[in-house]
Structure formats: C-alpha cells, structure tokens
file input13.txt (compact mmCIF, C-alpha atoms)
# COMPACT_ATOMS: atom_id res chain seq x y z
CA MET Q 1 0.00 0.00 0.00
CA ALA Q 2 1.26 3.47 -0.86
CA GLU Q 3 2.51 5.64 1.95
CA VAL Q 4 0.16 8.42 3.00
CA THR Q 5 1.78 11.78 3.68
CA ARG Q 6 -0.01 14.52 5.58
CA VAL Q 7 1.06 18.04 6.52
CA SER Q 8 -0.92 20.87 8.07
CA VAL Q 9 -0.71 24.53 9.03
CA GLU Q 10 -2.92 26.86 11.05
CA ILE Q 11 -4.30 29.86 9.17
CA ALA Q 12 -6.32 32.38 11.23
CA GLY Q 13 -7.19 29.76 13.84
CA THR Q 14 -8.29 27.12 11.31
CA GLU Q 15 -6.19 24.07 10.47
CA ILE Q 16 -5.64 23.47 6.76
CA SER Q 17 -4.19 20.06 5.91
CA PHE Q 18 -2.71 18.58 2.73
CA GLU Q 19 -2.74 14.80 2.25
CA THR Q 20 -1.39 12.71 -0.62
CA GLY Q 21 -0.99 8.99 -1.32
CA ARG Q 22 -4.46 7.82 -0.31
CA MET Q 23 -6.71 8.81 -3.23
CA ALA Q 24 -6.29 9.07 -7.04
CA ARG Q 25 -2.89 7.38 -7.09
CA GLN Q 26 -3.00 6.95 -10.89
CA ALA Q 27 -2.83 10.71 -11.41
CA SER Q 28 0.52 12.42 -11.79
CA GLY Q 29 -0.20 14.18 -8.51
CA ALA Q 30 -3.19 14.14 -6.15
CA VAL Q 31 -3.74 16.10 -2.95
CA VAL Q 32 -6.73 16.17 -0.60
CA VAL Q 33 -7.14 19.54 1.12
CA ARG Q 34 -9.26 19.84 4.25
CA ALA Q 35 -10.48 22.73 6.41
CA GLY Q 36 -13.12 21.85 8.96
CA ASP Q 37 -15.52 19.49 7.22
CA THR Q 38 -14.87 20.91 3.75
CA ILE Q 39 -12.76 18.45 1.75
CA VAL Q 40 -11.55 18.95 -1.83
CA LEU Q 41 -9.75 16.39 -4.00
CA ASN Q 42 -7.28 17.96 -6.44
CA THR Q 43 -5.50 16.07 -9.21
CA ALA Q 44 -2.86 17.07 -11.76
CA THR Q 45 -2.24 14.88 -14.81
CA ALA Q 46 0.21 15.21 -17.71
CA GLY Q 47 -0.61 13.45 -20.98
CA ASN Q 48 0.94 13.32 -24.42
CA VAL Q 49 3.10 15.94 -26.07
CA ARG Q 50 1.24 18.20 -28.50
CA ASP Q 51 2.80 20.00 -31.44
CA VAL Q 52 1.33 23.40 -30.57
CA ASP Q 53 2.75 26.81 -29.77
CA PHE Q 54 0.70 27.36 -26.60
CA LEU Q 55 0.29 25.77 -23.18
CA PRO Q 56 -2.34 22.98 -23.43
CA LEU Q 57 -3.69 23.46 -19.90
CA THR Q 58 -7.25 22.59 -18.87
CA VAL Q 59 -8.74 23.38 -15.45
CA ASP Q 60 -12.01 21.81 -14.32
CA VAL Q 61 -13.99 22.16 -11.09
CA GLU Q 62 -16.49 19.33 -10.79
CA GLU Q 63 -19.21 20.21 -8.30
CA ARG Q 64 -21.20 17.30 -6.93
CA MET Q 65 -24.48 17.51 -5.06
CA TYR Q 66 -23.50 14.71 -2.69
CA ALA Q 67 -20.85 17.04 -1.26
CA ALA Q 68 -23.68 19.03 0.35
CA GLY Q 69 -25.67 15.91 1.29
CA LYS Q 70 -28.09 16.09 -1.64
CA ILE Q 71 -28.94 13.30 -4.09
CA PRO Q 72 -30.48 14.19 -7.49
CA GLY Q 73 -33.91 12.67 -7.92
CA SER Q 74 -37.29 13.06 -9.62
CA PHE Q 75 -36.89 14.14 -13.25
CA PHE Q 76 -33.18 15.16 -13.03
CA LYS Q 77 -31.32 12.11 -11.78
CA ARG Q 78 -27.87 13.15 -12.95
CA GLU Q 79 -25.50 15.99 -12.30
CA GLY Q 80 -25.82 18.96 -14.60
CA ARG Q 81 -23.15 21.17 -16.09
CA ALA Q 82 -20.81 23.25 -13.95
CA GLY Q 83 -22.46 26.14 -12.18
CA GLU Q 84 -21.31 29.72 -11.88
CA LYS Q 85 -19.35 29.04 -8.69
CA GLY Q 86 -17.43 26.17 -10.27
CA THR Q 87 -16.63 28.13 -13.43
CA LEU Q 88 -15.30 31.15 -11.51
CA THR Q 89 -13.24 28.90 -9.23
CA ALA Q 90 -11.67 27.20 -12.26
CA ARG Q 91 -10.69 30.60 -13.64
CA MET Q 92 -9.14 31.64 -10.32
CA ILE Q 93 -7.09 28.43 -10.34
CA ASP Q 94 -5.94 28.97 -13.92
CA ARG Q 95 -4.95 32.62 -13.69
CA PRO Q 96 -2.02 32.48 -11.21
CA LEU Q 97 -0.72 29.07 -12.32
CA ARG Q 98 -0.63 29.40 -16.13
CA PRO Q 99 2.17 32.03 -16.34
CA LEU Q 100 4.45 29.92 -14.12
CA PHE Q 101 4.73 26.93 -16.45
CA PRO Q 102 8.00 26.68 -18.40
CA LYS Q 103 7.87 28.07 -21.93
CA GLY Q 104 8.80 24.73 -23.47
CA TRP Q 105 6.09 22.72 -21.69
CA ARG Q 106 3.87 21.19 -24.39
CA TYR Q 107 2.33 18.24 -22.55
CA GLU Q 108 -1.43 18.05 -22.26
CA THR Q 109 -2.06 19.10 -18.65
CA GLN Q 110 -5.32 18.82 -16.75
CA LEU Q 111 -6.14 20.10 -13.27
CA VAL Q 112 -9.35 18.81 -11.68
CA SER Q 113 -10.82 19.85 -8.34
CA ILE Q 114 -13.73 17.87 -6.88
CA PRO Q 115 -15.40 18.99 -3.62
CA LEU Q 116 -16.06 15.83 -1.64
CA SER Q 117 -17.67 17.52 1.34
CA VAL Q 118 -18.93 21.06 1.95
CA ASP Q 119 -19.85 22.21 5.46
CA HIS Q 120 -21.14 25.68 4.38
CA VAL Q 121 -18.70 27.27 6.81
CA HIS Q 122 -15.38 27.04 4.97
CA PRO Q 123 -15.72 27.90 1.24
CA TYR Q 124 -14.15 25.30 -1.00
CA ASP Q 125 -12.75 27.69 -3.64
CA ILE Q 126 -9.72 28.71 -1.56
CA LEU Q 127 -8.99 25.07 -0.76
CA ALA Q 128 -9.22 24.16 -4.46
CA MET Q 129 -6.75 26.89 -5.42
CA ASN Q 130 -4.20 25.71 -2.86
CA GLY Q 131 -4.84 22.06 -3.65
CA ALA Q 132 -4.26 22.50 -7.39
CA SER Q 133 -0.85 24.04 -6.72
CA ALA Q 134 0.01 21.31 -4.20
CA ALA Q 135 -0.98 18.59 -6.70
CA LEU Q 136 1.40 20.13 -9.24
CA MET Q 137 4.18 20.30 -6.67
CA VAL Q 138 4.01 16.57 -5.81
CA SER Q 139 3.60 15.53 -9.48
CA ASN Q 140 6.22 15.20 -12.20
CA ILE Q 141 4.99 18.42 -13.84
CA PRO Q 142 7.76 21.05 -13.55
CA LEU Q 143 5.99 23.89 -11.75
CA PRO Q 144 8.89 26.03 -10.47
CA THR Q 145 7.24 27.47 -7.36
CA PRO Q 146 4.10 26.84 -5.31
CA VAL Q 147 1.13 29.20 -5.29
CA GLY Q 148 -0.91 29.95 -2.20
CA ALA Q 149 -4.31 31.62 -1.93
CA VAL Q 150 -6.32 33.20 0.88
CA ARG Q 151 -9.46 35.30 1.23
CA ILE Q 152 -9.53 38.52 3.20
CA GLY Q 153 -12.88 39.79 4.46
CA LYS Q 154 -13.77 42.91 6.38
CA VAL Q 155 -16.38 42.00 8.96
CA ASP Q 156 -17.57 44.59 11.51
CA GLY Q 157 -14.68 46.87 10.61
CA ASN Q 158 -11.95 44.24 11.11
CA PHE Q 159 -9.93 42.24 8.60
CA VAL Q 160 -10.56 38.50 8.79
CA VAL Q 161 -8.43 35.88 7.01
CA ASN Q 162 -10.56 33.18 5.38
CA PRO Q 163 -13.84 34.34 6.96
CA GLU Q 164 -16.66 31.89 7.45
CA GLU Q 165 -19.25 31.69 4.71
CA PRO Q 166 -22.22 33.12 6.72
CA ASP Q 167 -20.18 36.19 7.73
CA LEU Q 168 -18.95 36.65 4.17
CA LEU Q 169 -22.46 36.63 2.74
CA GLU Q 170 -24.13 38.86 5.32
CA ASP Q 171 -21.87 41.43 6.97
CA ALA Q 172 -18.68 41.63 4.88
CA ASP Q 173 -17.70 45.00 3.39
CA LEU Q 174 -14.75 43.41 1.56
CA ASP Q 175 -14.33 40.09 -0.25
CA LEU Q 176 -10.73 39.93 -1.44
CA VAL Q 177 -9.15 36.80 -2.96
CA VAL Q 178 -5.37 36.95 -3.26
CA ALA Q 179 -3.06 34.38 -4.87
CA GLY Q 180 0.70 34.54 -5.08
CA THR Q 181 4.07 32.97 -4.49
CA GLU Q 182 6.49 33.48 -1.65
CA ASP Q 183 7.94 36.53 -3.40
CA ALA Q 184 5.08 38.23 -5.21
CA ILE Q 185 1.32 38.55 -5.56
CA LEU Q 186 0.04 37.10 -8.83
CA MET Q 187 -3.72 37.62 -8.76
CA VAL Q 188 -6.21 39.83 -6.95
CA GLU Q 189 -9.98 39.56 -7.26
CA ALA Q 190 -12.19 41.63 -5.01
CA GLY Q 191 -15.64 42.95 -4.32
CA ALA Q 192 -15.97 45.80 -1.85
CA ASN Q 193 -18.29 48.44 -0.49
CA GLU Q 194 -16.42 51.78 -0.71
CA ILE Q 195 -13.11 50.64 0.79
CA PRO Q 196 -10.23 53.16 0.81
CA GLU Q 197 -7.13 52.30 -1.17
CA ALA Q 198 -4.97 52.30 1.96
CA GLU Q 199 -7.11 49.56 3.51
CA ILE Q 200 -6.82 47.47 0.33
CA LEU Q 201 -3.04 47.71 0.55
CA ASP Q 202 -3.15 46.64 4.21
CA ALA Q 203 -5.32 43.67 3.28
CA LEU Q 204 -2.83 42.65 0.58
CA ASP Q 205 0.01 42.70 3.11
CA ILE Q 206 -1.98 40.53 5.51
CA ALA Q 207 -2.84 38.10 2.72
CA HIS Q 208 0.77 37.77 1.55
CA GLU Q 209 1.93 36.79 5.03
CA GLU Q 210 -0.53 33.89 5.08
CA ILE Q 211 0.32 32.95 1.49
CA ARG Q 212 3.96 32.44 2.50
CA LYS Q 213 2.86 29.91 5.13
CA LEU Q 214 0.84 27.95 2.57
CA CYS Q 215 3.71 27.98 0.06
CA ALA Q 216 6.10 26.68 2.72
CA LEU Q 217 3.63 23.91 3.53
CA GLN Q 218 3.45 22.87 -0.12
CA ARG Q 219 7.25 22.74 -0.35
CA GLU Q 220 7.33 20.52 2.70
CA LEU Q 221 4.79 18.17 1.13
CA ALA Q 222 6.79 18.07 -2.11
CA GLN Q 223 10.00 17.20 -0.25
CA LYS Q 224 8.29 14.29 1.52
CA ALA Q 225 6.19 12.83 -1.33
CA GLY Q 226 7.15 14.66 -4.53
CA LYS Q 227 8.09 12.95 -7.81
CA GLU Q 228 11.01 13.67 -10.07
CA LYS Q 229 10.17 16.44 -12.52
CA LEU Q 230 10.08 15.85 -16.26
CA PRO Q 231 12.79 17.62 -18.30
CA VAL Q 232 11.77 20.63 -20.35
CA GLU Q 233 13.52 21.78 -23.50
CA GLU Q 234 13.60 25.54 -23.62
CA PRO Q 235 12.70 26.95 -27.05
CA GLN Q 236 15.79 28.02 -28.98
CA VAL Q 237 16.00 31.53 -30.37
CA ASP Q 238 17.69 32.22 -33.69
CA GLU Q 239 20.18 34.91 -32.73
CA ALA Q 240 20.66 36.13 -36.31
CA LEU Q 241 16.92 36.51 -36.81
CA TYR Q 242 16.59 38.20 -33.41
CA GLU Q 243 19.26 40.76 -34.30
CA GLN Q 244 17.64 41.35 -37.69
CA ILE Q 245 14.27 42.05 -36.07
CA LYS Q 246 15.93 44.18 -33.42
CA GLU Q 247 17.60 46.36 -36.06
CA SER Q 248 14.48 46.66 -38.23
CA PRO Q 249 12.69 50.05 -38.30
CA ALA Q 250 10.02 50.82 -35.78
CA ARG Q 251 6.35 50.23 -36.37
CA THR Q 252 5.66 53.91 -36.95
CA ARG Q 253 8.31 54.07 -39.67
CA ARG Q 254 6.86 51.03 -41.40
CA SER Q 255 3.37 52.48 -41.28
CA GLY Q 256 4.71 55.79 -42.63
CA SER Q 257 6.45 54.05 -45.52
CA ARG Q 258 3.21 52.24 -46.36
CA LYS Q 259 1.40 55.56 -46.49
CA ARG Q 260 4.05 57.06 -48.76
CA CYS Q 261 3.87 54.07 -51.09
CA SER Q 262 0.11 54.39 -51.27
CA ARG Q 263 0.46 58.07 -52.20
CA ARG Q 264 2.98 57.25 -54.93
CA SER Q 265 0.81 54.61 -56.54
CA PRO Q 266 -2.79 55.79 -56.36
CA ALA Q 267 -5.46 53.17 -56.69
CA THR Q 268 -7.08 52.65 -60.06
CA PRO Q 269 -10.23 54.81 -60.23
CA ARG Q 270 -13.48 52.95 -60.32
CA PRO Q 271 -15.34 53.02 -63.62
CA THR Q 272 -18.28 55.36 -63.46
CA ALA Q 273 -21.56 54.57 -65.12
CA THR Q 274 -23.15 57.15 -67.37
CA PRO Q 275 -26.89 57.52 -67.39
CA SER Q 276 -28.52 55.88 -70.35
CA ASP Q 277 -31.99 55.79 -71.75
CA GLY Q 278 -34.60 54.18 -69.56
CA GLN Q 279 -32.64 54.52 -66.28
CA ARG Q 280 -33.32 56.76 -63.36
CA PRO Q 281 -30.88 58.10 -60.77
CA SER Q 282 -31.10 56.85 -57.19
CA SER Q 283 -33.37 58.81 -54.89
CA ARG Q 284 -30.74 58.59 -52.11
CA SER Q 285 -27.78 59.90 -54.09
CA THR Q 286 -27.07 62.03 -57.12
CA SER Q 287 -24.56 59.46 -58.42
CA TRP Q 288 -25.50 56.47 -60.52
CA ARG Q 289 -25.33 53.17 -58.71
CA ARG Q 290 -23.53 50.24 -60.25
CA PRO Q 291 -25.22 46.86 -59.91
CA SER Q 292 -23.88 44.29 -57.46
CA SER Q 293 -21.37 41.63 -58.43
CA ALA Q 294 -24.17 39.09 -58.81
CA SER Q 295 -25.56 41.12 -61.71
CA ALA Q 296 -22.21 42.08 -63.29
CA SER Q 297 -22.86 40.02 -66.39
CA ARG Q 298 -26.30 41.61 -66.75
CA TRP Q 299 -24.66 45.04 -66.47
CA ARG Q 300 -22.22 44.18 -69.27
CA ARG Q 301 -25.06 42.96 -71.49
CA SER Q 302 -26.99 46.14 -70.71
CA ALA Q 303 -23.98 48.26 -71.68
CA ARG Q 304 -23.68 46.43 -74.99
CA THR Q 305 -27.37 46.88 -75.77
CA GLY Q 306 -27.33 50.60 -75.06
CA GLY Q 307 -28.82 50.44 -71.59
CA ARG Q 308 -31.85 48.39 -72.54
CA PRO Q 309 -32.65 45.72 -69.93
CA THR Q 310 -31.78 42.21 -71.07
CA ARG Q 311 -33.70 39.63 -69.07
CA SER Q 312 -35.40 36.31 -69.54
CA ALA Q 313 -38.39 35.91 -71.80
CA ARG Q 314 -40.81 35.98 -68.91
CA SER Q 315 -39.17 39.10 -67.47
CA ARG Q 316 -39.13 40.80 -70.86
CA SER Q 317 -42.87 40.32 -71.17
CA ARG Q 318 -43.39 42.00 -67.79
CA TRP Q 319 -41.08 44.89 -68.73
CA ALA Q 320 -42.89 45.37 -72.02
CA TRP Q 321 -46.22 45.51 -70.21
CA ARG Q 322 -44.92 48.02 -67.67
CA ARG Q 323 -43.24 50.28 -70.20
CA ALA Q 324 -46.21 50.19 -72.59
CA PRO Q 325 -49.41 50.42 -70.55
CA THR Q 326 -51.53 50.29 -73.69
CA ALA Q 327 -50.34 46.77 -74.45
CA ARG Q 328 -52.53 44.06 -72.95
CA PRO Q 329 -50.63 41.41 -70.96
CA CYS Q 330 -50.90 37.96 -72.40
CA SER Q 331 -52.73 35.26 -70.52
CA PRO Q 332 -50.82 32.66 -68.43
CA GLY Q 333 -51.75 30.00 -70.94
CA ALA Q 334 -50.36 32.03 -73.78
CA ARG Q 335 -47.04 32.49 -72.00
CA ARG Q 336 -46.58 28.72 -71.87
CA ARG Q 337 -46.81 28.44 -75.65
CA PRO Q 338 -43.47 28.39 -77.49
call {"tool": "encode", "arguments": {"input": "input13.txt", "output": "structure tokens"}}
result
Amino acid sequence: MAEVTRVSVEIAGTEISFETGRMARQASGAVVVRAGDTIVLNTATAGNVRDVDFLPLTVDVEERMYAAGKIPGSFFKREGRAGEKGTLTARMIDRPLRPLFPKGWRYETQLVSIPLSVDHVHPYDILAMNGASAALMVSNIPLPTPVGAVRIGKVDGNFVVNPEEPDLLEDADLDLVVAGTEDAILMVEAGANEIPEAEILDALDIAHEEIRKLCALQRELAQKAGKEKLPVEEPQVDEALYEQIKESPARTRRSGSRKRCSRRSPATPRPTATPSDGQRPSSRSTSWRRPSSASASRWRRSARTGGRPTRSARSRSRWAWRRAPTARPCSPGARRRP
C-alpha cells in the first residue's frame, strides 16, 4: 500500500491540511485539502506531447451535489453542467498558475478539483486553489514554485483571514481573494463596499503573510512525497533573426512608408456609369449606382445593348407591359406556348 503523507498549518485559527498517497494514485499528482468538514480532491495529470505553440492546460472544477448531502432525484437524476461558482473557481485556479509553467512545456495538462464535502462554513474555492498548486508540486509536472491563496474579508470593521461563509455573505464590506508565491502577488480579485485604497493595501500585506505559510507547507509536502520532474527543453531563439528584427525600423516608420507608397501609386479609379436611356438616378444619391457583383454580367449585357434591360423571356414580357401600358398582358396559358 502506498505511503500516506499529511502536513498541516494553522491559518487564522483554522487548520488546513494537505494529504497525498491515499486517493487518485494513478494521477501524476493528487492532494486532498481539508479545512473543517470541507474536503476537496485535487489532481494534476500530464498526458501526451502536442505540437502546438501554446500551453495545453485545462482546469475543471467538478461540483457534486452529494458534497452538500443532496442526491439528485425526480426528473433530473444526474448531475448537470458546472455552475457559476465552479466556473469562476476554475478561472481563479488557472490565472495564477498558467504564467508559471516553463515556456517549453507542451504536454497536455489537466487540473481537476472535486469537492467531496462542503460544510457551508469554509468555502471550497480557496482550498481548491491551494490544492491544485500542491498537486502540481508533488507531481512530475515542472511547476517552479508553489502558489498559495487566501481570502480577506472585512467584517464589523476588522480584517478577517478566510472568513466563514455566513459572515462573508451577510456582513462583509470586503471580499478579497489573493493568490501569489512566496515573493510576489500574482492575482487579486475583489468585491468591496467603498473601501479606501490604503485599507486594500493593508489587506494585501496581511494576505501575503498567510500565502507564504501555505507555500512553505506545499514545499514541505513536495520534499516528503514529490516525484522527479520531467525535463523541459527551452525553445531556442535564432540569434541572427533576433538581431535582424531588433535592427528593423520601428512600427511607426513602417506604417509611414506604407502611407508614402500608397500616395505614390494611387489606386485605379473605379469606372463610373453614365446615365442611359430608360434609367433613373437613385433617390438617395445624385450618383448612378452600379449593380452588385451578382448582376455584373447583366450590367455588361446592358452596356452592350445601349442600356436596354436584357432579361429572360418571362421578365421581358413584364417589362414590355410596364413600359407600354396600352399593351394588354398575355394570358398565363399564352405564356406557356413556345
């Protein structure tokens, strides 16, 4: 049986624990994060190499009703698509992690967070953000540094780290989610009720102190149960091409040269149509309109015939009737005769 490794740290009076080796052992890395009775399973998996020029990273948050003690029944007996909370949590996981991947990493990478239990006291989104980074740290995916995340709330005039969900929904004047490494803040997402800028800066300082603790905890977990990282080939830069691009004129000069070239070689003027017999000018403009491209051949035939409309036999009969009101239109039976 695989060895189970567990580490924990106390953040604002609440114990947050990381555990690996018990669940999802077939994934490249799997970490179960727990705070109170909220438990989130996070997995990181690397697949095949893709011949693409971007990072093939996919982040999913799979919400399950059984996590809140509910079982789908009646007409809807299966889980539906991801809700708004799951989609926003997946984006908050993706944003700070994506820029940290090496430039040459072209393996299909998938991060999945599944809430196993939700106690409606500790929100699962912060646990999923920390768990995704921890799963990458214990996997063979070469993430260079861990990423921690905390929430700062302002409840009754005081800053609270990772406030409880009832306080956050009812009395919070600030809901600030901060993610970063040990050295810098990578992402900030906030909703506030007229908070001064100085207080936001104080909240960021408080958040970064707690983020450092979570990053240190992830490094400890990686030292105890981490896998050897896959090698990454950095993309090679053609120095000659780089110097050529570096010495090329600026964008403004190129745009100016294009303008000068356009002035030297004026575009060929469009052919103008002259009014001919039987045509009327447009009521919207004093110029004569040229037919569309679909009727270009008809226009050429009309020019050859001196402006007279050249249409099918049936259309010609209608035109003759309209242009000569005295002529009686032939009957439908007569039109069928050759």
call {"tool": "closest_residue", "arguments": {"input": "input13.txt", "among": "Q:Asp60, Q:Glu228, Q:Glu220, Q:Glu233", "to": "Glu19 (chain Q)", "atoms": "all atoms listed in the file"}}
result
Q:Glu220
call {"tool": "atom_distance", "arguments": {"input": "input13.txt", "atom1": "CA of Ile93 (chain Q)", "atom2": "CA of Thr20 (chain Q)"}}
result
19.3 Å
call {"tool": "atom_distance", "arguments": {"input": "input13.txt", "atom1": "CA of Ile211 (chain Q)", "atom2": "CA of Pro166 (chain Q)"}}
result
23.1 Å
call {"tool": "residues_near_point", "arguments": {"input": "input13.txt", "point": "(-6.2, 47.2, -3.6)", "cutoff": "12 Å", "atoms": "all atoms listed in the file", "output": "VMD selection string"}}
result
chain Q and resid 152 174 to 178 185 187 to 192 194 to 205 207
call {"tool": "atom_distance", "arguments": {"input": "input13.txt", "atom1": "CA of Ser17 (chain Q)", "atom2": "CA of Arg34 (chain Q)"}}
result
5.3 Å
call {"tool": "closest_residue", "arguments": {"input": "input13.txt", "among": "Q:Pro56, Q:Ala128, Q:Val7, Q:Tyr242", "to": "Leu88 (chain Q)", "atoms": "all atoms listed in the file"}}
result
Q:Ala128
